[in-house]
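Structure file input-v7.csv (CSV, C-alpha atoms) follows.
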```csv
chain,number,residue,atom,x,y,z
A,1,MET,CA,-63.7,-36.0,155.7
A,2,PRO,CA,-62.6,-32.8,154.0
A,3,ASP,CA,-64.2,-31.9,150.8
A,4,TYR,CA,-61.7,-31.8,147.9
A,5,PRO,CA,-62.6,-29.8,144.8
A,6,GLN,CA,-63.7,-32.1,142.0
A,7,THR,CA,-61.6,-31.9,138.9
A,8,TYR,CA,-62.8,-32.6,135.4
A,9,PRO,CA,-60.8,-33.5,132.3
A,10,THR,CA,-60.4,-30.6,130.0
A,11,LYS,CA,-59.8,-30.6,126.3
A,12,SER,CA,-57.6,-27.6,126.1
A,13,LYS,CA,-54.6,-29.3,124.5
A,14,PRO,CA,-56.6,-30.7,121.5
A,15,MET,CA,-58.5,-27.5,121.3
A,16,ARG,CA,-55.2,-25.5,121.1
A,17,SER,CA,-53.9,-28.0,118.6
A,18,GLY,CA,-57.0,-27.6,116.4
A,19,ILE,CA,-56.9,-23.8,116.5
A,20,PHE,CA,-53.2,-23.9,115.7
A,21,GLN,CA,-53.8,-26.3,112.7
A,22,ARG,CA,-56.7,-24.3,111.3
A,23,ALA,CA,-54.8,-21.0,111.6
A,24,LEU,CA,-51.8,-22.5,109.7
A,25,ILE,CA,-54.0,-24.0,107.0
A,26,SER,CA,-55.8,-20.8,106.5
A,27,GLU,CA,-52.5,-18.9,106.1
A,28,PHE,CA,-51.2,-21.5,103.8
A,29,ALA,CA,-54.3,-21.3,101.6
A,30,GLY,CA,-54.2,-17.5,101.5
A,31,SER,CA,-50.5,-17.4,100.4
A,32,GLY,CA,-51.0,-20.3,97.9
A,33,LEU,CA,-54.0,-18.6,96.3
A,34,LEU,CA,-52.1,-15.4,95.8
A,35,VAL,CA,-49.0,-17.1,94.4
A,36,PHE,CA,-51.1,-19.3,92.1
A,37,THR,CA,-53.1,-16.3,90.8
A,38,VAL,CA,-49.8,-14.5,89.9
A,39,LEU,CA,-48.3,-17.5,88.2
A,40,LEU,CA,-51.4,-18.3,86.3
A,41,GLY,CA,-51.7,-14.7,85.1
A,42,ILE,CA,-48.1,-14.8,83.9
A,43,VAL,CA,-48.6,-18.1,82.0
A,44,VAL,CA,-51.9,-16.9,80.4
A,45,VAL,CA,-50.4,-13.6,79.2
A,46,SER,CA,-47.3,-15.3,77.8
A,47,GLN,CA,-49.4,-18.0,76.0
A,48,LEU,CA,-51.8,-15.3,74.7
A,49,ILE,CA,-49.0,-13.3,73.2
A,50,ARG,CA,-47.6,-16.5,71.5
A,51,LEU,CA,-51.0,-17.5,70.1
A,52,LEU,CA,-51.7,-14.0,68.9
A,53,GLY,CA,-48.4,-13.9,67.1
A,54,GLU,CA,-49.2,-17.2,65.5
A,55,ALA,CA,-52.6,-16.0,64.5
A,56,VAL,CA,-51.1,-12.9,62.8
A,57,SER,CA,-48.7,-15.0,60.9
A,58,GLY,CA,-51.5,-17.3,59.8
A,59,VAL,CA,-50.3,-20.4,61.7
A,60,VAL,CA,-53.4,-20.4,63.9
A,61,ALA,CA,-56.9,-19.2,63.1
A,62,VAL,CA,-58.0,-16.2,65.0
A,63,ASP,CA,-61.3,-17.8,66.1
A,64,GLY,CA,-59.3,-20.6,67.7
A,65,VAL,CA,-57.1,-18.5,70.0
A,66,LEU,CA,-59.3,-18.6,73.1
A,67,ALA,CA,-59.9,-22.3,72.9
A,68,LEU,CA,-56.2,-23.0,72.5
A,69,LEU,CA,-55.4,-20.6,75.3
A,70,GLY,CA,-57.8,-22.6,77.6
A,71,PHE,CA,-56.2,-25.9,76.7
A,72,SER,CA,-52.7,-24.5,77.2
A,73,ALA,CA,-53.6,-23.1,80.6
A,74,LEU,CA,-55.1,-26.5,81.7
A,75,ASN,CA,-51.9,-28.2,80.7
A,76,TYR,CA,-49.8,-25.9,82.9
A,77,LEU,CA,-52.0,-26.3,86.0
A,78,PRO,CA,-50.2,-29.3,87.6
A,79,VAL,CA,-46.8,-27.5,87.6
A,80,LEU,CA,-48.3,-24.2,88.8
A,81,LEU,CA,-50.1,-25.9,91.7
A,82,SER,CA,-47.0,-27.7,92.7
A,83,ILE,CA,-44.9,-24.4,92.7
A,84,SER,CA,-47.7,-22.6,94.6
A,85,LEU,CA,-47.9,-25.3,97.2
A,86,PHE,CA,-44.1,-25.2,97.8
A,87,ILE,CA,-43.9,-21.4,97.9
A,88,SER,CA,-47.0,-20.9,100.1
A,89,ILE,CA,-45.6,-23.2,102.9
A,90,LEU,CA,-42.1,-21.7,102.5
A,91,LEU,CA,-43.4,-18.1,102.9
A,92,THR,CA,-45.6,-18.9,105.8
A,93,LEU,CA,-42.9,-20.6,107.8
A,94,SER,CA,-40.4,-17.9,106.9
A,95,ARG,CA,-42.8,-15.3,108.3
A,96,CYS,CA,-43.1,-17.3,111.5
A,97,TYR,CA,-39.4,-17.3,111.9
A,98,ARG,CA,-39.1,-13.6,111.2
A,99,ASP,CA,-41.8,-12.7,113.7
A,100,SER,CA,-40.2,-14.9,116.3
A,101,GLU,CA,-43.3,-17.1,116.5
A,102,MET,CA,-41.3,-20.2,115.9
A,103,VAL,CA,-39.1,-19.4,118.9
A,104,VAL,CA,-42.3,-19.3,121.0
A,105,TRP,CA,-43.5,-22.6,119.7
A,106,PHE,CA,-40.1,-24.3,120.2
A,107,CYS,CA,-39.9,-22.9,123.8
A,108,SER,CA,-43.4,-24.3,124.4
A,109,GLY,CA,-42.1,-27.8,123.6
A,110,ILE,CA,-43.5,-28.0,120.1
A,111,GLY,CA,-40.8,-29.4,117.8
A,112,LEU,CA,-40.3,-29.0,114.1
A,113,THR,CA,-41.9,-32.4,113.3
A,114,ARG,CA,-45.2,-31.1,114.8
A,115,TRP,CA,-45.5,-28.9,111.7
A,116,ILE,CA,-45.7,-32.0,109.4
A,117,ARG,CA,-49.4,-32.7,110.3
A,118,PRO,CA,-50.9,-29.3,109.4
A,119,VAL,CA,-48.7,-29.1,106.3
A,120,LEU,CA,-50.0,-32.5,105.2
A,121,TRP,CA,-53.6,-31.5,105.9
A,122,TYR,CA,-53.1,-28.6,103.6
A,123,ALA,CA,-50.9,-30.4,101.0
A,124,LEU,CA,-52.7,-33.7,100.5
A,125,PRO,CA,-55.9,-32.3,98.8
A,126,LEU,CA,-53.7,-30.3,96.5
A,127,VAL,CA,-51.5,-33.3,95.7
A,128,GLY,CA,-54.7,-35.3,94.8
A,129,LEU,CA,-55.8,-32.5,92.5
A,130,ILE,CA,-52.3,-32.4,90.9
A,131,ALA,CA,-52.5,-36.1,90.4
A,132,LEU,CA,-55.9,-35.8,88.7
A,133,LEU,CA,-54.7,-33.0,86.5
A,134,SER,CA,-51.5,-34.7,85.6
A,135,LEU,CA,-52.9,-38.2,84.9
A,136,VAL,CA,-56.3,-37.3,83.3
A,137,LEU,CA,-57.0,-33.7,82.5
A,138,SER,CA,-53.7,-32.4,81.1
A,139,PRO,CA,-53.4,-35.3,78.5
A,140,TRP,CA,-57.0,-34.7,77.6
A,141,ALA,CA,-56.3,-30.9,77.1
A,142,LEU,CA,-53.3,-31.6,74.9
A,143,ARG,CA,-55.2,-34.2,72.8
A,144,LYS,CA,-58.1,-31.8,72.3
A,145,ALA,CA,-55.8,-29.0,71.4
A,146,ASP,CA,-54.1,-31.1,68.7
A,147,GLU,CA,-57.6,-32.1,67.4
A,148,PHE,CA,-58.7,-28.5,67.4
A,149,LYS,CA,-55.6,-27.4,65.5
A,150,ASN,CA,-56.0,-30.2,62.9
A,151,ARG,CA,-59.7,-29.3,62.4
A,152,LEU,CA,-58.8,-25.6,61.8
A,153,GLU,CA,-56.1,-26.6,59.3
A,154,ASN,CA,-58.5,-28.8,57.4
A,155,ARG,CA,-61.0,-26.1,56.7
A,156,ASP,CA,-61.4,-24.8,53.1
A,157,ASP,CA,-60.0,-21.5,52.0
A,158,VAL,CA,-63.2,-19.5,52.3
A,159,THR,CA,-64.2,-20.9,55.6
A,160,ALA,CA,-60.8,-20.3,57.0
A,161,ALA,CA,-60.6,-16.7,55.7
A,162,THR,CA,-60.7,-14.1,58.4
A,163,PRO,CA,-62.8,-11.0,57.8
A,164,GLY,CA,-60.6,-8.0,57.3
A,165,LEU,CA,-57.4,-9.9,56.7
A,166,PHE,CA,-55.7,-11.2,53.5
A,167,ARG,CA,-55.3,-15.0,53.4
A,168,GLU,CA,-53.4,-17.1,50.9
A,169,SER,CA,-55.0,-20.3,49.6
A,170,LYS,CA,-53.3,-23.6,50.6
A,171,GLN,CA,-54.0,-25.3,47.3
A,172,SER,CA,-54.8,-23.0,44.3
A,173,GLY,CA,-52.4,-20.1,44.8
A,174,ARG,CA,-55.2,-17.6,45.4
A,175,VAL,CA,-55.3,-14.7,47.8
A,176,TYR,CA,-58.7,-13.9,49.5
A,177,PHE,CA,-59.9,-10.8,51.3
A,178,ILE,CA,-63.4,-10.8,52.8
A,179,GLU,CA,-64.7,-7.6,54.4
A,180,ASN,CA,-67.3,-9.3,56.5
A,181,VAL,CA,-69.4,-12.4,56.9
A,182,ASN,CA,-73.1,-12.5,57.6
A,183,PRO,CA,-73.6,-14.8,60.6
A,184,GLY,CA,-76.0,-17.7,60.1
A,185,THR,CA,-76.0,-17.4,56.3
A,186,ASN,CA,-73.8,-18.5,53.4
A,187,ARG,CA,-73.3,-14.9,52.2
A,188,VAL,CA,-70.1,-12.8,52.5
A,189,GLY,CA,-69.6,-9.1,52.1
A,190,LYS,CA,-67.3,-7.3,49.8
A,191,THR,CA,-64.8,-9.8,48.4
A,192,PHE,CA,-61.3,-9.5,46.8
A,193,VAL,CA,-59.7,-12.5,45.1
A,194,GLN,CA,-56.4,-12.6,43.2
A,195,SER,CA,-55.2,-15.7,41.3
A,196,GLU,CA,-52.7,-16.6,38.5
A,197,GLN,CA,-53.7,-18.5,35.4
A,198,ASN,CA,-51.5,-19.1,32.3
A,199,GLY,CA,-48.9,-16.6,33.5
A,200,LYS,CA,-51.5,-13.8,33.9
A,201,ILE,CA,-52.7,-12.2,37.1
A,202,GLY,CA,-56.4,-12.1,37.6
A,203,THR,CA,-57.9,-9.8,40.2
A,204,MET,CA,-61.6,-9.7,41.1
A,205,ALA,CA,-63.6,-7.4,43.3
A,206,ALA,CA,-67.2,-8.0,44.0
A,207,GLN,CA,-69.9,-6.4,46.2
A,208,GLN,CA,-70.8,-9.7,47.8
A,209,GLY,CA,-70.5,-13.4,47.5
A,210,ILE,CA,-72.4,-16.6,48.1
A,211,GLN,CA,-71.2,-20.1,49.0
A,212,GLU,CA,-73.0,-22.8,47.0
A,213,THR,CA,-72.8,-26.5,47.2
A,214,LEU,CA,-73.9,-28.7,44.2
A,215,PRO,CA,-75.6,-32.1,44.6
A,216,ASN,CA,-72.3,-33.9,43.8
A,217,GLY,CA,-70.6,-32.2,46.7
A,218,ASP,CA,-68.6,-29.6,44.7
A,219,ARG,CA,-68.4,-26.2,46.5
A,220,PHE,CA,-68.3,-22.8,44.7
A,221,LEU,CA,-67.8,-19.2,45.8
A,222,VAL,CA,-70.1,-17.2,43.6
A,223,LEU,CA,-69.2,-13.5,43.3
A,224,LEU,CA,-72.0,-11.0,42.5
A,225,ASN,CA,-71.8,-7.6,40.8
A,226,GLY,CA,-68.1,-7.4,40.4
A,227,THR,CA,-65.2,-6.6,38.1
A,228,ARG,CA,-62.3,-8.7,36.9
A,229,TYR,CA,-58.9,-7.3,36.0
A,230,GLU,CA,-56.6,-9.7,34.0
A,231,GLY,CA,-53.2,-9.1,32.5
A,232,THR,CA,-49.5,-9.5,32.8
A,233,PRO,CA,-47.6,-7.3,35.3
A,234,GLY,CA,-45.5,-4.6,33.6
A,235,GLN,CA,-47.6,-4.6,30.5
A,236,ARG,CA,-50.6,-2.4,29.4
A,237,ASP,CA,-52.7,-5.1,27.8
A,238,TYR,CA,-55.0,-5.5,30.8
A,239,ARG,CA,-58.5,-6.7,30.2
A,240,ILE,CA,-61.4,-5.4,32.4
A,241,VAL,CA,-64.6,-7.4,32.6
A,242,GLU,CA,-67.6,-6.5,34.6
A,243,PHE,CA,-69.9,-9.4,35.6
A,244,GLU,CA,-73.0,-10.0,37.5
A,245,ARG,CA,-72.2,-13.6,38.5
A,246,TYR,CA,-68.8,-15.3,38.6
A,247,ALA,CA,-68.4,-18.8,40.1
A,248,MET,CA,-65.1,-20.1,41.4
A,249,ARG,CA,-64.6,-23.7,42.7
A,250,ILE,CA,-63.4,-24.0,46.2
A,251,ASP,CA,-60.7,-26.6,46.4
A,252,ASP,CA,-61.2,-28.9,49.4
A,253,THR,CA,-58.1,-29.2,51.7
A,254,PRO,CA,-57.0,-32.8,52.0
A,255,ASP,CA,-57.5,-34.0,55.6
A,256,LYS,CA,-54.3,-34.2,57.5
A,257,LEU,CA,-54.2,-37.2,59.8
A,258,ALA,CA,-53.3,-36.1,63.3
A,259,GLN,CA,-50.1,-37.7,64.4
A,260,PRO,CA,-50.6,-39.2,67.8
A,261,GLN,CA,-48.3,-37.5,70.3
A,262,VAL,CA,-47.0,-39.1,73.5
A,263,ARG,CA,-48.0,-36.2,75.7
A,264,GLY,CA,-51.6,-36.4,74.4
A,265,MET,CA,-52.0,-40.2,75.0
A,266,SER,CA,-54.2,-41.3,77.9
A,267,THR,CA,-52.5,-42.6,81.0
A,268,LEU,CA,-54.2,-46.0,80.4
A,269,GLN,CA,-52.6,-46.2,77.0
A,270,LEU,CA,-49.2,-45.4,78.4
A,271,TRP,CA,-49.6,-48.0,81.1
A,272,LYS,CA,-50.3,-50.7,78.5
A,273,SER,CA,-47.4,-49.5,76.2
A,274,HIS,CA,-43.9,-51.0,76.5
A,275,THR,CA,-42.0,-48.4,74.5
A,276,THR,CA,-39.4,-46.4,76.5
A,277,TRP,CA,-40.7,-43.0,75.6
A,278,ASP,CA,-44.2,-43.9,76.6
A,279,ILE,CA,-42.9,-45.2,80.0
A,280,SER,CA,-40.9,-42.0,80.3
A,281,GLU,CA,-44.0,-39.9,79.8
A,282,LEU,CA,-45.9,-42.1,82.3
A,283,GLU,CA,-43.2,-41.6,84.9
A,284,TRP,CA,-43.4,-37.8,84.4
A,285,ARG,CA,-47.1,-37.8,85.1
A,286,ILE,CA,-46.7,-40.0,88.2
A,287,GLY,CA,-43.7,-38.0,89.4
A,288,LEU,CA,-45.6,-34.6,89.5
A,289,PRO,CA,-47.8,-35.4,92.6
A,290,ILE,CA,-45.0,-37.3,94.3
A,291,SER,CA,-42.6,-34.3,93.9
A,292,ALA,CA,-45.3,-31.9,95.1
A,293,ALA,CA,-45.7,-33.9,98.3
A,294,ILE,CA,-41.9,-34.1,98.9
A,295,LEU,CA,-41.5,-30.4,98.2
A,296,ALA,CA,-44.3,-29.6,100.7
A,297,LEU,CA,-42.3,-31.5,103.4
A,298,LEU,CA,-39.0,-30.0,102.3
A,299,ALA,CA,-40.4,-26.5,102.7
A,300,ILE,CA,-40.7,-27.0,106.5
A,301,PRO,CA,-36.9,-27.1,107.2
A,302,LEU,CA,-36.2,-24.7,104.4
A,303,GLY,CA,-38.5,-22.1,106.0
A,304,PHE,CA,-35.8,-21.4,108.7
A,305,VAL,CA,-34.7,-17.7,108.7
A,306,ASN,CA,-31.7,-16.4,110.7
A,307,PRO,CA,-32.3,-12.7,111.2
A,308,ARG,CA,-28.5,-12.2,111.5
A,309,ALA,CA,-27.7,-13.9,108.2
A,310,GLY,CA,-30.4,-12.1,106.1
A,311,ARG,CA,-34.0,-13.0,105.1
A,312,SER,CA,-33.5,-14.1,101.5
A,313,LEU,CA,-30.9,-16.8,102.1
A,314,ASN,CA,-33.4,-19.5,102.6
A,315,LEU,CA,-35.4,-18.4,99.5
A,316,ILE,CA,-32.3,-18.7,97.4
A,317,LEU,CA,-31.5,-22.2,98.7
A,318,ALA,CA,-35.2,-23.2,98.1
A,319,ILE,CA,-35.1,-22.0,94.5
A,320,VAL,CA,-31.8,-23.8,93.9
A,321,LEU,CA,-33.1,-27.1,95.3
A,322,TYR,CA,-36.4,-26.8,93.4
A,323,MET,CA,-34.6,-26.1,90.1
A,324,LEU,CA,-32.2,-29.0,90.8
A,325,TYR,CA,-35.0,-31.4,91.6
A,326,ASN,CA,-37.1,-30.4,88.6
A,327,ASN,CA,-34.2,-30.6,86.2
A,328,MET,CA,-33.1,-34.0,87.6
A,329,ILE,CA,-36.6,-35.4,87.0
A,330,SER,CA,-36.5,-34.2,83.4
A,331,VAL,CA,-33.0,-35.7,82.9
A,332,THR,CA,-33.9,-39.1,84.4
A,333,ASN,CA,-37.1,-39.2,82.3
A,334,THR,CA,-35.0,-38.5,79.2
A,335,TRP,CA,-32.6,-41.3,80.2
A,336,VAL,CA,-35.5,-43.7,80.6
A,337,GLY,CA,-36.8,-42.7,77.2
A,338,GLN,CA,-33.4,-43.3,75.6
A,339,GLY,CA,-33.1,-46.6,77.3
A,340,THR,CA,-30.0,-45.8,79.3
A,341,LEU,CA,-31.8,-46.0,82.7
A,342,SER,CA,-34.3,-48.6,84.0
A,343,ALA,CA,-37.8,-47.5,84.6
A,344,GLY,CA,-37.8,-48.3,88.3
A,345,ILE,CA,-34.6,-46.3,89.1
A,346,GLY,CA,-35.8,-43.5,86.8
A,347,LEU,CA,-39.1,-43.2,88.8
A,348,TRP,CA,-38.0,-43.7,92.4
A,349,GLY,CA,-34.3,-42.9,92.4
A,350,ILE,CA,-34.5,-39.1,92.3
A,351,HIS,CA,-37.6,-39.0,94.6
A,352,ALA,CA,-35.9,-41.2,97.1
A,353,ALA,CA,-32.8,-39.0,97.0
A,354,MET,CA,-34.8,-35.8,97.6
A,355,LEU,CA,-36.7,-37.5,100.4
A,356,ALA,CA,-33.4,-38.4,102.0
A,357,VAL,CA,-32.3,-34.7,101.6
A,358,THR,CA,-35.6,-33.7,103.3
A,359,ALA,CA,-34.9,-36.0,106.3
A,360,LEU,CA,-31.4,-34.8,106.6
A,361,MET,CA,-32.5,-31.1,106.7
A,362,PHE,CA,-35.1,-32.0,109.3
A,363,PHE,CA,-32.4,-33.7,111.4
A,364,ARG,CA,-30.0,-30.7,110.9
A,365,ARG,CA,-32.5,-28.1,112.0
A,366,MET,CA,-33.6,-30.1,115.0
A,367,THR,CA,-30.1,-30.8,116.1
A,368,LEU,CA,-29.0,-27.2,115.7
A,369,PHE,CA,-31.9,-26.0,117.8
A,370,SER,CA,-31.2,-28.6,120.5
A,371,TRP,CA,-27.5,-27.6,120.8
A,372,ARG,CA,-28.5,-23.9,120.9
A,373,THR,CA,-30.9,-24.6,123.8
A,374,VAL,CA,-28.2,-26.5,125.7
A,375,PHE,CA,-25.6,-23.7,125.3
A,376,LYS,CA,-28.1,-21.1,126.4
A,377,LYS,CA,-28.8,-23.1,129.6
```

Translate this file's structure into structure tokens.
Amino acid sequence: MPDYPQTYPTKSKPMRSGIFQRALISEFAGSGLLVFTVLLGIVVVSQLIRLLGEAVSGVVAVDGVLALLGFSALNYLPVLLSISLFISILLTLSRCYRDSEMVVWFCSGIGLTRWIRPVLWYALPLVGLIALLSLVLSPWALRKADEFKNRLENRDDVTAATPGLFRESKQSGRVYFIENVNPGTNRVGKTFVQSEQNGKIGTMAAQQGIQETLPNGDRFLVLLNGTRYEGTPGQRDYRIVEFERYAMRIDDTPDKLAQPQVRGMSTLQLWKSHTTWDISELEWRIGLPISAAILALLAIPLGFVNPRAGRSLNLILAIVLYMLYNNMISVTNTWVGQGTLSAGIGLWGIHAAMLAVTALMFFRRMTLFSWRTVFKK
């Protein structure tokens, strides 16, 4: 009997598929990281400018800018990750079309639906992270930011005074200026205080000051080795008094009760609540990871680039669809909060509609490619 060469099963197809998938995920991740870094930098810079403006105007304490900046950045992370996920897939597939790689894949028998698996392998971990941020971490950041602002506003005048800046008292109509503060002690450097009593303006300048607390809880700012100028503006009857020790009572600022905001409530509290605005906020948080997953799939047919029609047409269409999708989510959430739309339709209606648009675009791209192949033959 003739000897026939023995054949062994090979694993070339799974191996090729694995290499193809890993290469795509690596390119997705590289593009996504670049887009996310740029977007995060823009958000951080814009929020920093806003907080510095509020700090200069006295709305926010200077020492609370960095903490509030961190809380604000954490709040924006779910939206930034969703945009980065969508753009990274879109840019990668557009490059494949421009470099004619997609033509090679299609001619090799790989259809457009074969791209769903590597896209989902890349998108699902990010969708899970977006869900964690949206449902847990972002509400916690907003709640902590509100608590931090409330704690800064409830500080007394001397504690809230920023070295090197004039600050007006919230209670007694005084103006403070402290040159510096000795860290770890209750002493302050050169101090300027101006107040009004009985229609006369009193101005005091001292070389240093001490914060003292009596056993009954009263707090005083004691000025040492200073001068007091007292009189009526526009008149010459000013009185000048030099003193070695001058004590001023520090009026305590009444604690402001932090008003609970819907955006700062935990997801569990929103789940147990039955008010329309709480349900609307809950649907917004749940809708973020759902919309991120749908946008990741939508980017596959949107990545098509026709070299004859221009390279930016698909990007314009993608931006329009993203803005329309995002605005419709906000509109439906508002309608749910106002009670004009049921919670079920508000949550699933717009996502189901966008999922149908995604399926329609898949069908259109696959149909156009099939007809072009037939006509070429």

Of the listed residues A:Gly337, A:Pro289, A:Gly346, A:Pro301, that which approaches A:Leu133 most closely, counting all atoms listed in the file: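 Between A:Gly337, A:Pro289, A:Gly346, A:Pro301, the residue approaching A:Leu133 most closely is A:Pro289.
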
Expressed in Å to a single decimal, how great is the separation between atom CA of A:Val119 and atom CA of A:Ile83?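 So the two atoms, atom CA of A:Val119 and atom CA of A:Ile83, lie 14.9 Å apart.
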
Between atom CA of A:Gly264 and atom CA of A:Lys144, what is the distance, to one decimal in Å?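 If I compute the distance from atom CA of A:Gly264 to atom CA of A:Lys144, I get 8.2 Å.
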
Using all atoms listed in the file, pick whichever of A:Ala293, A:Leu347, A:Leu315, A:Ile201 has the shortest atom-to-atom distance to A:Arg239. A:Ile201

List the spatial neighbours of A:Ala131 as a VMD selection string - criterion: any atom at most 8 Å away, all atoms listed in the file, same-chain residues fewer than 2 positions off excluded. chain A and resid 78 127 to 129 133 to 135 285 to 286 288 to 289

Written selection (C-alpha atoms) as a short mmCIF file (atom, residue, chain, number, x, y, z; two decimals), in the frame of the given file:
```
data_model
loop_
_atom_site.label_atom_id
_atom_site.label_comp_id
_atom_site.auth_asym_id
_atom_site.auth_seq_id
_atom_site.Cartn_x
_atom_site.Cartn_y
_atom_site.Cartn_z
CA PRO A 78 -50.20 -29.30 87.60
CA VAL A 127 -51.50 -33.30 95.70
CA GLY A 128 -54.70 -35.30 94.80
CA LEU A 129 -55.80 -32.50 92.50
CA LEU A 133 -54.70 -33.00 86.50
CA SER A 134 -51.50 -34.70 85.60
CA LEU A 135 -52.90 -38.20 84.90
CA ARG A 285 -47.10 -37.80 85.10
CA ILE A 286 -46.70 -40.00 88.20
CA LEU A 288 -45.60 -34.60 89.50
CA PRO A 289 -47.80 -35.40 92.60
#
```

Separation of atom CA of A:Thr213 from atom CA of A:Val241 in Å: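 Answer for the atom CA of A:Val241 to atom CA of A:Thr213 separation: 25.4 Å.
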
Among the residues A:Leu74, A:Met328, A:Val38, A:Leu223, the one that comes closest to A:Trp140 [using all atoms listed in the file]: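 Closest to A:Trp140 of all the choices is A:Leu74.
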
For A:Ile116, the nearest of the candidates A:Ala296, A:Ala23, A:Ser88, A:Met323, counting only C-alpha atoms: A:Ala296

So that I can check the surroundings of A:Gly64, please list as a ChimeraX atom specification every protein, DNA and RNA residue that reaches within 10 Å of it, counting all atoms listed in the file and ignoring chain neighbours fewer than 4 positions away. /A:51,55,60,68-69,145,148-149,152

Nearest residue to A:Gly70 out of A:Ala141, A:Ile87, A:Ile49, A:Val136, using all atoms listed in the file?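 Checking each candidate against A:Gly70, we get A:Ala141 as the closest.
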
A:Ile294 proximity check over A:Arg95, A:Arg245, A:His351, A:Arg263, using all atoms listed in the file: winner is A:His351

Please provide the set of residues having any atom within 7 Å of A:Ser266, restricted to all atoms listed in the file, with same-chain residues fewer than 3 positions apart removed, written as JSON, numbers by chain. {"A": [139, 269, 270]}

Need the shell around A:Ala359: protein/DNA/RNA residues with any atom at most 12 Å away, counting all atoms listed in the file. Skip same-chain ones fewer than 4 positions apart. Format as a list in words?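 Once the adjacent positions are removed, what remains is Leu112, Thr113, Ile116, Ile294, Leu295, Leu297, Leu298, Ala299, Ile300, Pro301, Leu302, Ala352, Ala353, Met354, Leu355, Phe363, Arg364, Arg365 and Met366 of chain A.
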
Around the point (-55.3, -19.0, 78.9) (coordinates from the file), which residues reach within 9 Å if we count only C-alpha atoms? Answer as an mmCIF file with C-alpha atoms, keeping the file's coordinate frame.
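This went into part37.cif:
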```
data_model
loop_
_atom_site.group_PDB
_atom_site.id
_atom_site.type_symbol
_atom_site.label_atom_id
_atom_site.label_comp_id
_atom_site.auth_asym_id
_atom_site.auth_seq_id
_atom_site.Cartn_x
_atom_site.Cartn_y
_atom_site.Cartn_z
ATOM 1 C CA LEU A 40 -51.400 -18.300 86.300
ATOM 2 C CA GLY A 41 -51.700 -14.700 85.100
ATOM 3 C CA VAL A 43 -48.600 -18.100 82.000
ATOM 4 C CA VAL A 44 -51.900 -16.900 80.400
ATOM 5 C CA VAL A 45 -50.400 -13.600 79.200
ATOM 6 C CA SER A 46 -47.300 -15.300 77.800
ATOM 7 C CA GLN A 47 -49.400 -18.000 76.000
ATOM 8 C CA LEU A 48 -51.800 -15.300 74.700
ATOM 9 C CA LEU A 66 -59.300 -18.600 73.100
ATOM 10 C CA ALA A 67 -59.900 -22.300 72.900
ATOM 11 C CA LEU A 68 -56.200 -23.000 72.500
ATOM 12 C CA LEU A 69 -55.400 -20.600 75.300
ATOM 13 C CA GLY A 70 -57.800 -22.600 77.600
ATOM 14 C CA PHE A 71 -56.200 -25.900 76.700
ATOM 15 C CA SER A 72 -52.700 -24.500 77.200
ATOM 16 C CA ALA A 73 -53.600 -23.100 80.600
ATOM 17 C CA LEU A 74 -55.100 -26.500 81.700
#
```
